[in-house]
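To start, the structure itself, in structure tokens.
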Number of protein chains: 2
Amino acid sequence: MLISNILKHVRLTPEEQALFSTFWTPKTLEKGDYLLRNGAICRTDNYVVSGALKAFYINAETGATEILYFAIEGWWATDIESFRNQQPSIYDIQALKKTTLLQIDHRSFQKLLAAIPVLERYFRIILEGYTAALQRRIVFNNAHTARQRYADFLATYPEFPGRIPQYLIASYLGISAEFLSRIRRKNNSR
Amino acid sequence: MLISNILKHVRLTPEEQALFSTFWTPKTLEKGDYLLRNGAICRTDNYVVSGALKAFYINAETGATEILYFAIEGWWATDIESFRNQQPSIYDIQALKKTTLLQIDHRSFQKLLAAIPVLERYFRIILEGYTAALQRRIVFNNAHTARQRYADFLATYPEFPGRIPQYLIASYLGISAEFLSRIRRKNNSR
């Protein structure tokens, strides 16, 4: 539940909790459906209730693709940059399986923050955690071996293997699916 | 000025502005001084008044080094993860030239947010912008060529060349200084 996620970080009165819930609209995606296409504006902030999505970038010139993140229940699946500026996104976000979201559009998001200002604190705290993870990914990507990066990945996202196909995890880590299989076999044989 | 940076994003009353300024302590670093060493706790949030710093990660096993960010005046030079959790940092932050900072310790930072809650909004907005830049760096690092990455860098940080030594920009981009020189010569000859 989104509200219980929020109450982990900030306090809301029962009235604020009731008001909060009126701002969100459920949305269901089937496997393969796009939540966002590059070039379009990310109109909504999206909280994942169930399912899984991947956000990725495609180099229009070369076709090279890079996975930005996976999102499963309890995560946000939004292009923050496009959403905050209401300008076209450079990312695609696609459902990996049937997925249920809670959505809020940009104007309602501003109204929500004005109505319940303590949510500014919640989103600051959430962003600090995400920033920390992004920073680690940047430095580990070049300074760590593939084996270390997989260990980092497991430590940061223990819930992902089994929820996200292995070939996508390999792609996220910048290694081949075969190489990831080899690392996993070696880990298991220890 | 830090306060004018903040007033770009949120409104503070004159009383809040006066209170705000009492929370910050100036600090000067000489070229080469470390603001933070890996293994130590990042005790303060640091706003750069003048000068330049680099934050970087060293792989203790291999010695491989990766630059996380450069910070010049108007930027923050903090390990957000270590500061928020008050746990040892994995990063080093070092002054590239004589640098002046405004600092606030972790306990005072919490008091400041409690005293002037609208600052939660300021830090949320700042973090959104930083998150967007980190995300672009991640996807561009693998999906873009070195030439594109340098163009991305110039577009994102037009103020950095001339302020940050070229060999460090090359390191940040994951290319050799020679290759960066070649890209720059080609750009200039167009």
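Simple scheme: letters A, B, ... for chains in structure tokens order, numbers from 1 for residues in each chain, numbers from 1 for ligands in the order shown.
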Based on DSSP run over this structure's backbone, return all residues of region 32-184 of chain B in strand (DSSP E or B), as a PyMOL selection string.
chain B and resi 34-36+41+44-50+52-58+65-72+76+88+91-95+99-105+161+164
Kindly export the residues of the current selection with N, CA and C atoms, as a short mmCIF file (atom, residue, chain, number, x, y, z; two decimals), in the first residue's frame.
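again.cif written:
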```cif
data_model
loop_
_atom_site.label_atom_id
_atom_site.label_comp_id
_atom_site.auth_asym_id
_atom_site.auth_seq_id
_atom_site.Cartn_x
_atom_site.Cartn_y
_atom_site.Cartn_z
N TYR B 34 41.30 17.21 1.82
CA TYR B 34 40.15 16.33 1.74
C TYR B 34 39.02 16.86 2.60
N LEU B 35 37.85 16.99 2.00
CA LEU B 35 36.64 17.30 2.75
C LEU B 35 36.11 16.02 3.40
N LEU B 36 36.31 14.88 2.70
CA LEU B 36 35.82 13.59 3.19
C LEU B 36 36.77 12.51 2.70
N ILE B 41 32.70 9.14 8.29
CA ILE B 41 31.30 9.55 8.16
C ILE B 41 31.23 10.98 7.66
N THR B 44 28.86 16.60 7.67
CA THR B 44 28.24 17.88 7.31
C THR B 44 27.69 17.85 5.89
N ASP B 45 26.64 18.62 5.68
CA ASP B 45 26.19 18.95 4.33
C ASP B 45 26.96 20.20 3.94
N ASN B 46 27.45 20.25 2.69
CA ASN B 46 28.41 21.28 2.30
C ASN B 46 27.97 22.00 1.03
N TYR B 47 27.78 23.28 1.14
CA TYR B 47 27.43 24.12 -0.01
C TYR B 47 28.69 24.86 -0.45
N VAL B 48 28.97 24.84 -1.75
CA VAL B 48 30.21 25.43 -2.25
C VAL B 48 29.99 26.91 -2.56
N VAL B 49 30.71 27.76 -1.84
CA VAL B 49 30.64 29.21 -2.05
C VAL B 49 31.60 29.61 -3.17
N SER B 50 32.80 29.04 -3.15
CA SER B 50 33.78 29.30 -4.21
C SER B 50 34.76 28.15 -4.25
N ALA B 52 36.46 24.59 -6.16
CA ALA B 52 36.04 23.40 -6.91
C ALA B 52 36.49 22.16 -6.15
N LEU B 53 35.66 21.12 -6.22
CA LEU B 53 36.00 19.84 -5.58
C LEU B 53 35.66 18.71 -6.53
N LYS B 54 36.29 17.55 -6.26
CA LYS B 54 35.87 16.33 -6.95
C LYS B 54 35.52 15.29 -5.90
N ALA B 55 34.45 14.53 -6.18
CA ALA B 55 34.07 13.38 -5.36
C ALA B 55 34.38 12.15 -6.18
N PHE B 56 35.03 11.15 -5.57
CA PHE B 56 35.42 9.98 -6.35
C PHE B 56 35.40 8.72 -5.50
N TYR B 57 35.41 7.59 -6.20
CA TYR B 57 35.37 6.27 -5.58
C TYR B 57 36.60 5.50 -6.00
N ILE B 58 37.23 4.82 -5.05
CA ILE B 58 38.38 3.97 -5.36
C ILE B 58 38.03 2.53 -5.01
N THR B 65 39.63 3.89 -10.18
CA THR B 65 39.01 5.09 -9.62
C THR B 65 37.94 5.61 -10.57
N GLU B 66 36.84 6.09 -10.00
CA GLU B 66 35.76 6.65 -10.80
C GLU B 66 35.30 7.96 -10.17
N ILE B 67 35.27 9.02 -10.97
CA ILE B 67 34.82 10.32 -10.46
C ILE B 67 33.30 10.34 -10.41
N LEU B 68 32.78 10.68 -9.23
CA LEU B 68 31.32 10.74 -9.07
C LEU B 68 30.79 12.09 -9.54
N TYR B 69 31.40 13.16 -9.08
CA TYR B 69 30.96 14.49 -9.54
C TYR B 69 32.05 15.53 -9.30
N PHE B 70 31.90 16.64 -9.99
CA PHE B 70 32.63 17.86 -9.67
C PHE B 70 31.64 18.83 -9.03
N ALA B 71 32.13 19.66 -8.12
CA ALA B 71 31.26 20.67 -7.51
C ALA B 71 31.98 22.00 -7.55
N ILE B 72 31.32 23.00 -8.12
CA ILE B 72 31.85 24.37 -8.10
C ILE B 72 30.83 25.25 -7.37
N TRP B 76 26.30 21.50 -4.27
CA TRP B 76 26.47 20.80 -3.00
C TRP B 76 27.59 19.78 -3.14
N PRO B 88 29.73 5.25 7.53
CA PRO B 88 30.95 5.52 6.75
C PRO B 88 30.68 5.66 5.25
N TYR B 91 33.11 7.19 -0.49
CA TYR B 91 33.68 8.19 -1.40
C TYR B 91 34.76 9.03 -0.72
N ASP B 92 35.58 9.65 -1.56
CA ASP B 92 36.48 10.72 -1.13
C ASP B 92 36.01 12.00 -1.80
N ILE B 93 36.13 13.11 -1.09
CA ILE B 93 35.85 14.42 -1.68
C ILE B 93 37.05 15.32 -1.39
N GLN B 94 37.63 15.86 -2.46
CA GLN B 94 38.90 16.59 -2.33
C GLN B 94 38.80 17.93 -3.06
N ALA B 95 39.43 18.95 -2.48
CA ALA B 95 39.43 20.28 -3.10
C ALA B 95 40.42 20.32 -4.26
N THR B 99 39.04 26.45 -1.68
CA THR B 99 37.59 26.30 -1.73
C THR B 99 36.97 26.81 -0.44
N THR B 100 35.87 27.52 -0.56
CA THR B 100 35.13 27.96 0.62
C THR B 100 33.75 27.31 0.61
N LEU B 101 33.37 26.77 1.76
CA LEU B 101 32.11 26.06 1.91
C LEU B 101 31.26 26.71 2.99
N LEU B 102 29.96 26.45 2.93
CA LEU B 102 29.09 26.64 4.09
C LEU B 102 28.66 25.27 4.56
N GLN B 103 28.83 25.01 5.87
CA GLN B 103 28.57 23.67 6.39
C GLN B 103 27.48 23.69 7.45
N ILE B 104 26.79 22.54 7.51
CA ILE B 104 25.82 22.31 8.58
C ILE B 104 25.95 20.86 9.01
N ASP B 105 25.99 20.61 10.32
CA ASP B 105 26.13 19.21 10.75
C ASP B 105 24.77 18.52 10.74
N PRO B 161 34.14 23.28 -18.27
CA PRO B 161 35.44 23.42 -18.96
C PRO B 161 36.02 24.79 -18.64
N ILE B 164 37.48 23.11 -14.49
CA ILE B 164 37.93 21.78 -14.07
C ILE B 164 39.02 21.34 -15.06
#
```
With chain B as the partner and 7 Å as the cut-off, tabulate the residues of chain A that qualify, each row holding the nearest pair of atoms and their distance in Å to one decimal, using only C-alpha atoms, sorted by chain and rising number, as a Markdown table.
```
| residue | atom | partner | partner_atom | distance |
| --- | --- | --- | --- | --- |
| A:Tyr57 | CA | B:Val139 | CA | 6.4 |
| A:Asn59 | CA | B:Ala143 | CA | 6.0 |
| A:Ala64 | CA | B:Ala143 | CA | 5.2 |
| A:Thr65 | CA | B:Ala143 | CA | 6.0 |
| A:Glu66 | CA | B:Val139 | CA | 5.4 |
| A:Leu68 | CA | B:Val139 | CA | 6.4 |
| A:Ile80 | CA | B:Ala132 | CA | 6.7 |
| A:Glu81 | CA | B:Ala132 | CA | 5.4 |
| A:Glu120 | CA | B:Arg121 | CA | 5.2 |
| A:Arg121 | CA | B:Glu120 | CA | 5.2 |
| A:Phe123 | CA | B:Arg124 | CA | 6.4 |
| A:Arg124 | CA | B:Arg124 | CA | 4.4 |
| A:Leu127 | CA | B:Leu127 | CA | 6.4 |
| A:Glu128 | CA | B:Ile80 | CA | 6.7 |
| A:Thr131 | CA | B:Thr131 | CA | 5.9 |
| A:Ala132 | CA | B:Glu81 | CA | 5.4 |
| A:Leu134 | CA | B:Leu134 | CA | 6.5 |
| A:Gln135 | CA | B:Leu68 | CA | 7.0 |
| A:Ile138 | CA | B:Ile138 | CA | 6.2 |
| A:Val139 | CA | B:Glu66 | CA | 5.4 |
| A:Asn142 | CA | B:Glu66 | CA | 6.7 |
| A:Ala143 | CA | B:Ala64 | CA | 5.2 |
| A:His144 | CA | B:Asn59 | CA | 6.9 |
```
Pull the alpha helix (DSSP H) assignments for region 135-167 of chain B out of DSSP run on the backbone, and list those residues as a list in words.
Gln135, Arg136, Arg137, Ile138, Val139, Phe140, Asn141, Asn142, Ala143, Ala146, Arg147, Gln148, Arg149, Tyr150, Ala151, Asp152, Phe153, Leu154, Ala155, Thr156, Gln166 and Tyr167 of chain B
Go ahead and dump the residues you just picked, C-alpha atoms, as a PDB file, in the first residue's frame.
```
ATOM      1  CA  GLN B 135      20.067   9.053 -14.705  1.00  0.00           C
ATOM      2  CA  ARG B 136      21.283  10.667 -17.922  1.00  0.00           C
ATOM      3  CA  ARG B 137      24.872   9.893 -17.023  1.00  0.00           C
ATOM      4  CA  ILE B 138      24.036   6.219 -16.442  1.00  0.00           C
ATOM      5  CA  VAL B 139      22.266   5.645 -19.732  1.00  0.00           C
ATOM      6  CA  PHE B 140      24.574   7.855 -21.801  1.00  0.00           C
ATOM      7  CA  ASN B 141      27.666   6.174 -20.361  1.00  0.00           C
ATOM      8  CA  ASN B 142      26.895   2.934 -22.148  1.00  0.00           C
ATOM      9  CA  ALA B 143      24.552   3.962 -24.951  1.00  0.00           C
ATOM     10  CA  ALA B 146      32.693   9.245 -26.312  1.00  0.00           C
ATOM     11  CA  ARG B 147      31.993  12.167 -28.659  1.00  0.00           C
ATOM     12  CA  GLN B 148      28.309  12.208 -27.695  1.00  0.00           C
ATOM     13  CA  ARG B 149      29.177  11.942 -24.003  1.00  0.00           C
ATOM     14  CA  TYR B 150      31.395  15.011 -24.251  1.00  0.00           C
ATOM     15  CA  ALA B 151      28.575  16.885 -26.016  1.00  0.00           C
ATOM     16  CA  ASP B 152      26.162  15.739 -23.264  1.00  0.00           C
ATOM     17  CA  PHE B 153      28.660  16.947 -20.667  1.00  0.00           C
ATOM     18  CA  LEU B 154      28.985  20.388 -22.272  1.00  0.00           C
ATOM     19  CA  ALA B 155      25.205  20.700 -22.554  1.00  0.00           C
ATOM     20  CA  THR B 156      24.669  19.707 -18.917  1.00  0.00           C
ATOM     21  CA  GLN B 166      40.778  18.687 -18.796  1.00  0.00           C
ATOM     22  CA  TYR B 167      42.388  15.418 -17.662  1.00  0.00           C
TER      23      TYR B 167
END
```
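Distance-wise, CA of Trp24 (chain B) and CA of Asn85 (chain B) end up 20.3 Å apart.
What separates CA of Glu15 (chain A) from CA of Ile3 (chain A) is a distance of 12.7 Å.
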